[in-house]
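What follows is the content of target18.tsv, which has TSV, C-alpha atoms:
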chain	number	residue	atom	x	y	z
A	208	MET	CA	-12.90	-82.03	11.30
A	209	THR	CA	-13.29	-79.97	14.47
A	210	ILE	CA	-10.60	-77.44	15.35
A	211	HIS	CA	-10.22	-76.59	19.03
A	212	CYS	CA	-8.69	-73.19	19.84
A	213	CYS	CA	-7.04	-72.90	23.21
A	214	SER	CA	-6.24	-69.61	24.87
A	215	ASN	CA	-4.15	-68.88	27.93
A	216	ILE	CA	-5.62	-65.40	28.25
A	217	ALA	CA	-7.45	-66.32	31.44
A	218	PHE	CA	-4.15	-67.24	33.10
A	219	ILE	CA	-2.44	-63.87	32.53
A	220	PRO	CA	-1.94	-62.21	35.95
A	221	ASN	CA	-3.82	-58.98	36.67
A	222	ASP	CA	-0.61	-56.96	37.09
A	223	ILE	CA	0.48	-58.00	33.59
A	224	TRP	CA	-2.88	-56.93	32.19
A	225	GLU	CA	-2.52	-53.63	34.00
A	226	ALA	CA	0.96	-53.06	32.57
A	227	ILE	CA	-0.30	-53.83	29.06
A	228	THR	CA	-3.26	-51.50	29.49
A	229	ILE	CA	-1.03	-48.66	30.74
A	230	LYS	CA	1.23	-49.07	27.71
A	231	VAL	CA	-1.76	-48.91	25.37
A	232	ALA	CA	-3.30	-45.95	27.24
A	233	THR	CA	-0.18	-43.87	26.69
A	234	ASP	CA	-0.78	-44.19	22.95
A	235	SER	CA	-4.32	-42.80	22.78
A	236	ILE	CA	-7.81	-42.96	24.24
A	237	ARG	CA	-8.99	-44.73	21.09
A	238	SER	CA	-6.37	-47.47	21.58
A	239	LEU	CA	-7.39	-47.88	25.22
A	240	CYS	CA	-11.07	-48.22	24.31
A	241	SER	CA	-10.25	-50.78	21.62
A	242	LEU	CA	-8.24	-52.86	24.06
A	243	ARG	CA	-10.93	-52.75	26.74
A	244	MET	CA	-13.47	-54.18	24.29
A	245	THR	CA	-11.38	-57.28	23.60
A	246	CYS	CA	-12.11	-59.18	26.81
A	247	LYS	CA	-13.24	-58.85	30.41
A	248	ALA	CA	-9.69	-58.94	31.77
A	249	ALA	CA	-8.66	-55.97	29.62
A	250	HIS	CA	-11.86	-54.14	30.52
A	251	ASP	CA	-11.26	-54.61	34.24
A	252	ALA	CA	-7.60	-53.58	33.94
A	253	GLY	CA	-8.75	-50.36	32.28
A	254	GLU	CA	-10.61	-49.40	35.47
A	255	ALA	CA	-7.38	-48.93	37.44
A	256	ASP	CA	-6.50	-45.41	38.59
A	257	ILE	CA	-2.97	-45.76	37.20
A	258	VAL	CA	-4.44	-46.28	33.73
A	259	HIS	CA	-6.49	-43.08	34.01
A	260	TRP	CA	-3.38	-41.30	35.27
A	261	SER	CA	-1.34	-42.56	32.30
A	262	VAL	CA	-3.78	-42.10	29.43
A	263	SER	CA	-2.67	-39.76	26.65
A	264	ILE	CA	-5.01	-36.77	26.35
A	265	PRO	CA	-5.29	-35.37	22.79
A	266	PRO	CA	-4.52	-31.69	22.16
A	267	PRO	CA	-7.54	-29.34	22.18
A	268	HIS	CA	-7.73	-29.07	18.38
A	269	ALA	CA	-7.90	-32.87	18.09
A	270	THR	CA	-10.53	-33.38	20.80
A	271	LEU	CA	-13.87	-34.58	19.45
A	272	TRP	CA	-16.54	-31.91	20.06
A	273	TRP	CA	-19.16	-34.37	21.28
A	274	TRP	CA	-16.99	-35.60	24.17
A	275	CYS	CA	-18.13	-32.67	26.31
A	276	LEU	CA	-21.77	-33.69	25.73
A	277	ASN	CA	-21.42	-37.44	26.21
A	278	PRO	CA	-22.03	-38.56	29.83
A	279	GLU	CA	-19.74	-41.58	29.48
A	280	ALA	CA	-16.92	-39.46	28.06
A	281	LYS	CA	-17.41	-36.91	30.84
A	282	ARG	CA	-17.20	-39.67	33.48
A	283	PHE	CA	-14.00	-40.93	31.89
A	284	PHE	CA	-12.31	-37.53	31.99
A	285	ASP	CA	-13.54	-36.99	35.55
A	286	ARG	CA	-11.86	-40.28	36.49
A	287	CYS	CA	-8.65	-39.15	34.78
A	288	MET	CA	-8.73	-35.85	36.64
A	289	ALA	CA	-9.40	-37.57	39.96
A	290	ALA	CA	-6.45	-39.89	39.30
A	291	GLY	CA	-4.20	-36.85	38.78
A	292	ASN	CA	-3.61	-37.15	35.04
A	293	PRO	CA	-0.73	-34.68	34.44
A	294	GLU	CA	-2.08	-33.23	31.18
A	295	LEU	CA	-5.54	-32.60	32.62
A	296	LEU	CA	-4.00	-31.14	35.78
A	297	PHE	CA	-1.97	-28.79	33.60
A	298	ARG	CA	-5.01	-27.65	31.62
A	299	GLU	CA	-7.12	-27.20	34.73
A	300	ALA	CA	-4.28	-25.19	36.30
A	301	LEU	CA	-4.34	-22.79	33.34
A	302	ARG	CA	-8.11	-22.48	33.72
A	303	GLU	CA	-7.75	-21.67	37.43
A	304	LEU	CA	-4.98	-19.14	36.77
A	305	PHE	CA	-6.26	-17.27	33.73
A	306	ILE	CA	-10.03	-17.83	33.66
A	307	ARG	CA	-11.10	-18.17	37.29
A	308	ARG	CA	-8.17	-16.10	38.62
A	309	ASN	CA	-7.48	-18.54	41.48
A	310	GLU	CA	-3.71	-18.17	41.61
A	311	ASN	CA	-3.04	-20.32	44.68
A	312	VAL	CA	-5.09	-23.24	43.34
A	313	GLY	CA	-3.52	-22.91	39.89
A	314	ILE	CA	0.03	-22.84	41.25
A	315	GLN	CA	-0.68	-25.92	43.38
A	316	MET	CA	-1.94	-27.81	40.32
A	317	LEU	CA	1.08	-26.74	38.28
A	318	ASN	CA	3.36	-28.00	41.05
A	319	SER	CA	1.59	-31.37	40.99
A	320	ALA	CA	1.83	-31.68	37.19
A	321	THR	CA	5.46	-30.52	37.21
A	322	SER	CA	6.40	-33.20	39.74
A	323	THR	CA	5.41	-35.82	37.14
A	324	GLY	CA	7.81	-34.39	34.55
A	325	HIS	CA	5.23	-32.44	32.52
A	326	ALA	CA	7.38	-29.90	30.64
A	327	ALA	CA	4.65	-27.41	29.70
A	328	ALA	CA	3.41	-27.31	33.31
A	329	LYS	CA	6.99	-26.71	34.43
A	330	TYR	CA	7.27	-23.85	31.95
A	331	ALA	CA	4.03	-22.22	33.11
A	332	LEU	CA	5.09	-22.66	36.74
A	333	SER	CA	8.48	-21.07	36.09
A	334	MET	CA	6.78	-18.09	34.43
A	335	MET	CA	4.30	-17.59	37.27
A	336	LEU	CA	7.03	-17.81	39.91
A	337	MET	CA	9.29	-15.35	38.09
A	338	LEU	CA	6.38	-12.91	37.98
A	339	ARG	CA	6.36	-12.85	41.77
A	340	THR	CA	7.47	-9.57	43.31
A	341	ASP	CA	6.72	-10.44	46.94
A	342	ASP	CA	8.86	-13.56	47.31
A	343	ASN	CA	12.43	-13.57	46.01
A	344	VAL	CA	12.91	-17.24	46.97
A	345	GLU	CA	10.00	-18.28	44.75
A	346	LYS	CA	11.31	-16.02	41.98
A	347	GLN	CA	14.68	-17.77	42.12
A	348	LYS	CA	12.95	-21.14	42.09
A	349	GLY	CA	11.17	-20.07	38.90
A	350	LEU	CA	14.50	-19.12	37.33
A	351	GLU	CA	15.98	-22.50	38.29
A	352	LEU	CA	13.05	-24.31	36.64
A	353	TYR	CA	13.61	-22.13	33.58
A	354	ARG	CA	17.30	-23.09	33.49
A	355	GLU	CA	16.35	-26.78	33.55
A	356	LEU	CA	13.93	-26.32	30.65
A	357	ASP	CA	16.54	-24.37	28.72
A	358	ALA	CA	19.12	-27.12	29.25
A	359	ALA	CA	16.60	-29.72	28.04
A	360	GLY	CA	15.68	-27.67	24.95
A	361	SER	CA	12.02	-27.60	26.02
A	362	LEU	CA	11.29	-23.86	26.12
A	363	ALA	CA	9.86	-23.25	22.64
A	364	GLY	CA	7.73	-26.41	22.67
A	365	SER	CA	6.34	-25.66	26.12
A	366	ASN	CA	5.45	-22.10	25.15
A	367	ALA	CA	3.63	-23.45	22.07
A	368	ARG	CA	1.69	-25.94	24.24
A	369	CYS	CA	0.50	-23.15	26.52
A	370	PHE	CA	-0.48	-21.03	23.51
A	371	SER	CA	-2.44	-23.89	21.94
A	372	ILE	CA	-4.46	-24.63	25.05
A	373	LEU	CA	-5.20	-21.01	25.95
A	374	THR	CA	-6.27	-19.99	22.44
A	375	VAL	CA	-8.17	-23.13	21.40
A	376	SER	CA	-9.86	-24.04	24.67
A	377	TRP	CA	-10.99	-20.60	25.86
A	378	PRO	CA	-10.78	-18.08	23.00
A	379	GLY	CA	-11.44	-14.54	24.18
A	380	GLU	CA	-11.80	-15.53	27.85
A	381	VAL	CA	-8.17	-15.59	29.00
A	382	GLN	CA	-6.88	-12.88	31.35
A	383	MET	CA	-3.11	-13.03	31.47
A	384	PRO	CA	-1.15	-11.25	34.21
A	385	ARG	CA	0.39	-7.88	33.47
A	386	ILE	CA	4.14	-7.48	33.44
A	387	GLU	CA	5.74	-4.45	35.08
A	388	GLU	CA	9.31	-3.19	35.37
A	389	GLN	CA	9.69	-4.78	38.82
A	390	HIS	CA	9.16	-8.21	37.25
A	391	THR	CA	12.54	-7.98	35.49
A	392	VAL	CA	14.62	-11.09	36.19
A	393	CYS	CA	18.03	-9.80	35.11
A	394	ALA	CA	19.42	-7.48	37.76
A	395	SER	CA	23.06	-7.38	36.68
A	396	PRO	CA	24.31	-3.80	36.08
A	397	ARG	CA	27.05	-5.25	33.82
A	398	CYS	CA	24.63	-7.05	31.47
A	399	SER	CA	24.56	-5.28	28.08
A	400	THR	CA	21.13	-6.71	27.16
A	401	ARG	CA	19.39	-5.99	30.46
A	402	GLY	CA	16.11	-4.12	29.96
A	403	HIS	CA	16.02	-4.62	26.18
A	404	MET	CA	13.85	-7.74	26.06
A	405	PRO	CA	10.52	-5.91	25.66
A	406	LEU	CA	11.97	-4.22	22.57
A	407	LEU	CA	13.25	-7.53	21.18
A	408	TYR	CA	9.89	-9.19	21.80
A	409	ASP	CA	8.05	-6.34	20.06
A	410	TYR	CA	10.47	-6.61	17.12
A	411	ARG	CA	9.87	-10.38	16.82
A	412	ARG	CA	6.10	-9.90	17.09
A	413	ARG	CA	6.00	-7.27	14.35
A	414	ALA	CA	8.22	-9.43	12.16
A	415	ALA	CA	5.80	-12.34	12.62
A	416	GLU	CA	2.91	-10.14	11.50
A	417	ARG	CA	4.85	-9.48	8.27
A	418	ASN	CA	5.76	-13.18	7.90
A	419	SER	CA	9.41	-12.14	8.08
A	420	VAL	CA	12.25	-14.55	8.81
A	421	HIS	CA	13.27	-12.19	11.62
A	422	ALA	CA	10.32	-13.49	13.64
A	423	PHE	CA	12.23	-16.69	14.38
A	424	GLY	CA	14.88	-17.29	16.99
A	425	ARG	CA	13.18	-15.76	20.02
A	426	ALA	CA	16.06	-14.71	22.35
A	427	ALA	CA	18.28	-17.73	21.71
A	428	HIS	CA	21.21	-15.53	20.66
A	429	ILE	CA	21.22	-13.65	23.99
A	430	PRO	CA	24.05	-15.01	26.21
A	431	CYS	CA	22.41	-13.93	29.50
A	432	ILE	CA	19.91	-16.59	30.58
A	433	GLN	CA	18.18	-14.13	32.89
A	434	CYS	CA	17.52	-11.84	29.93
A	435	ARG	CA	16.23	-14.83	27.98
A	436	ALA	CA	13.88	-15.45	30.90
A	437	ASP	CA	12.75	-11.82	30.65
A	438	TYR	CA	12.03	-12.35	26.96
A	439	ASP	CA	9.97	-15.46	27.70
A	440	LEU	CA	8.01	-13.57	30.34
A	441	GLN	CA	7.08	-11.07	27.64
A	442	ALA	CA	6.03	-13.91	25.34
A	443	PHE	CA	4.10	-15.65	28.13
A	444	VAL	CA	1.92	-12.73	29.22
A	445	ASN	CA	1.11	-12.05	25.54
A	446	LEU	CA	0.19	-15.66	24.71
A	447	PRO	CA	-3.53	-15.43	23.81
Rewrite the coordinates I just gave you, this time as structure tokens.
Amino acid sequence: MTIHCCSNIAFIPNDIWEAITIKVATDSIRSLCSLRMTCKAAHDAGEADIVHWSVSIPPPHATLWWWCLNPEAKRFFDRCMAAGNPELLFREALRELFIRRNENVGIQMLNSATSTGHAAAKYALSMMLMLRTDDNVEKQKGLELYRELDAAGSLAGSNARCFSILTVSWPGEVQMPRIEEQHTVCASPRCSTRGHMPLLYDYRRRAAERNSVHAFGRAAHIPCIQCRADYDLQAFVNLP
């Protein structure tokens, strides 16, 4: 007996294939590659710029070492970067800021990644803007971004993302900006915690070196959000 298998795969519209491929790409690169090998329609859908924009980029510690040597892998990541993949934009922005020292280019990339909703890029952008001493409007914009991250509960996770990328991707090469007294965000003469954040940060850092429970909590107990921003500035410039 002969069994005939019929498939309607050829009749699936291209936009449906593209939507499926985007959904798979947001899971992992491995999932995307597996899907693209199933049929020509899936392979062609995987060529779309929106797919390269959407693909989930693994963290540095989970990136296969041979990807940087493989021409096909390099072409893939170049396509993702050209499509404006938010995670790659964020990482390249950190490279421009703290390796190549191109602040204007790095800030522009952070703005682009932030506009897509990338929390870690938003955190880095808020820190860089609050470090400005020549533009009070930009400094206030940085504080507003910081408030939004604080309200969303994204501060600690975003700081950890920056730390992971800077320490794993470019160990020993990072040059973070210096923080001076004029970078202080809190300017209220009535604030009882104003000016004490460097001391609190140093206390937390030393506690972490001793594996003490006092290393946890950051500045969450501080009621003044501007002082909490000052604490995070201390943590940011001491990331690597």
For stretch 311-314 of chain A, find every residue with an atom within 8 Å (counting all atoms listed in the file), except residues of its own chain fewer than 2 positions away, and show them as an mmCIF file with C-alpha atoms, in the coordinates of the input.
data_model
loop_
_atom_site.group_PDB
_atom_site.id
_atom_site.type_symbol
_atom_site.label_atom_id
_atom_site.label_comp_id
_atom_site.auth_asym_id
_atom_site.auth_seq_id
_atom_site.Cartn_x
_atom_site.Cartn_y
_atom_site.Cartn_z
ATOM 1 C CA GLU A 299 -7.120 -27.200 34.730
ATOM 2 C CA ALA A 300 -4.280 -25.190 36.300
ATOM 3 C CA LEU A 301 -4.340 -22.790 33.340
ATOM 4 C CA ARG A 302 -8.110 -22.480 33.720
ATOM 5 C CA GLU A 303 -7.750 -21.670 37.430
ATOM 6 C CA LEU A 304 -4.980 -19.140 36.770
ATOM 7 C CA ASN A 309 -7.480 -18.540 41.480
ATOM 8 C CA MET A 316 -1.940 -27.810 40.320
ATOM 9 C CA LEU A 317 1.080 -26.740 38.280
ATOM 10 C CA ASN A 318 3.360 -28.000 41.050
ATOM 11 C CA LEU A 332 5.090 -22.660 36.740
ATOM 12 C CA MET A 335 4.300 -17.590 37.270
#
Counting all atoms listed in the file, which of A:Tyr353, A:Trp260, A:Trp273, A:Phe443 gets nearest to A:Tyr408? A:Phe443
Show me, as a tab-separated table, the residues of stretch 385-411 of chain A having an atom within 8 Å of stretch 422-432 of chain A, each with the closest atom pair and its distance in Å, using all atoms listed in the file.
residue	atom	partner	partner_atom	distance
A:Cys398	CA	A:Cys431	CA	7.5
A:Thr400	CA	A:Ile429	CA	7.6
A:Leu407	CA	A:Ala426	CA	7.8
A:Tyr408	CA	A:Arg425	CA	7.6
A:Tyr410	CA	A:Ala422	CA	7.7
A:Arg411	CA	A:Ala422	CA	4.5
Provide an axis-aligned box for all listed atoms of stretch 365-372 of chain A, padding each side by 5 Å; report its centre and its edge lengths in Å to one decimal, as JSON.
{"center_x": 0.9, "center_y": -23.5, "center_z": 24.2, "size_x": 20.8, "size_y": 14.9, "size_z": 14.6}
Near A:Phe283, counting all atoms listed in the file, which residues have an atom at most 12 Å away, once you skip same-chain residues fewer than 2 positions from it, shown as a PyMOL selection string? chain A and resi 236+239-240+253-256+258-260+262+264+274-275+277-281+285-290+292+295
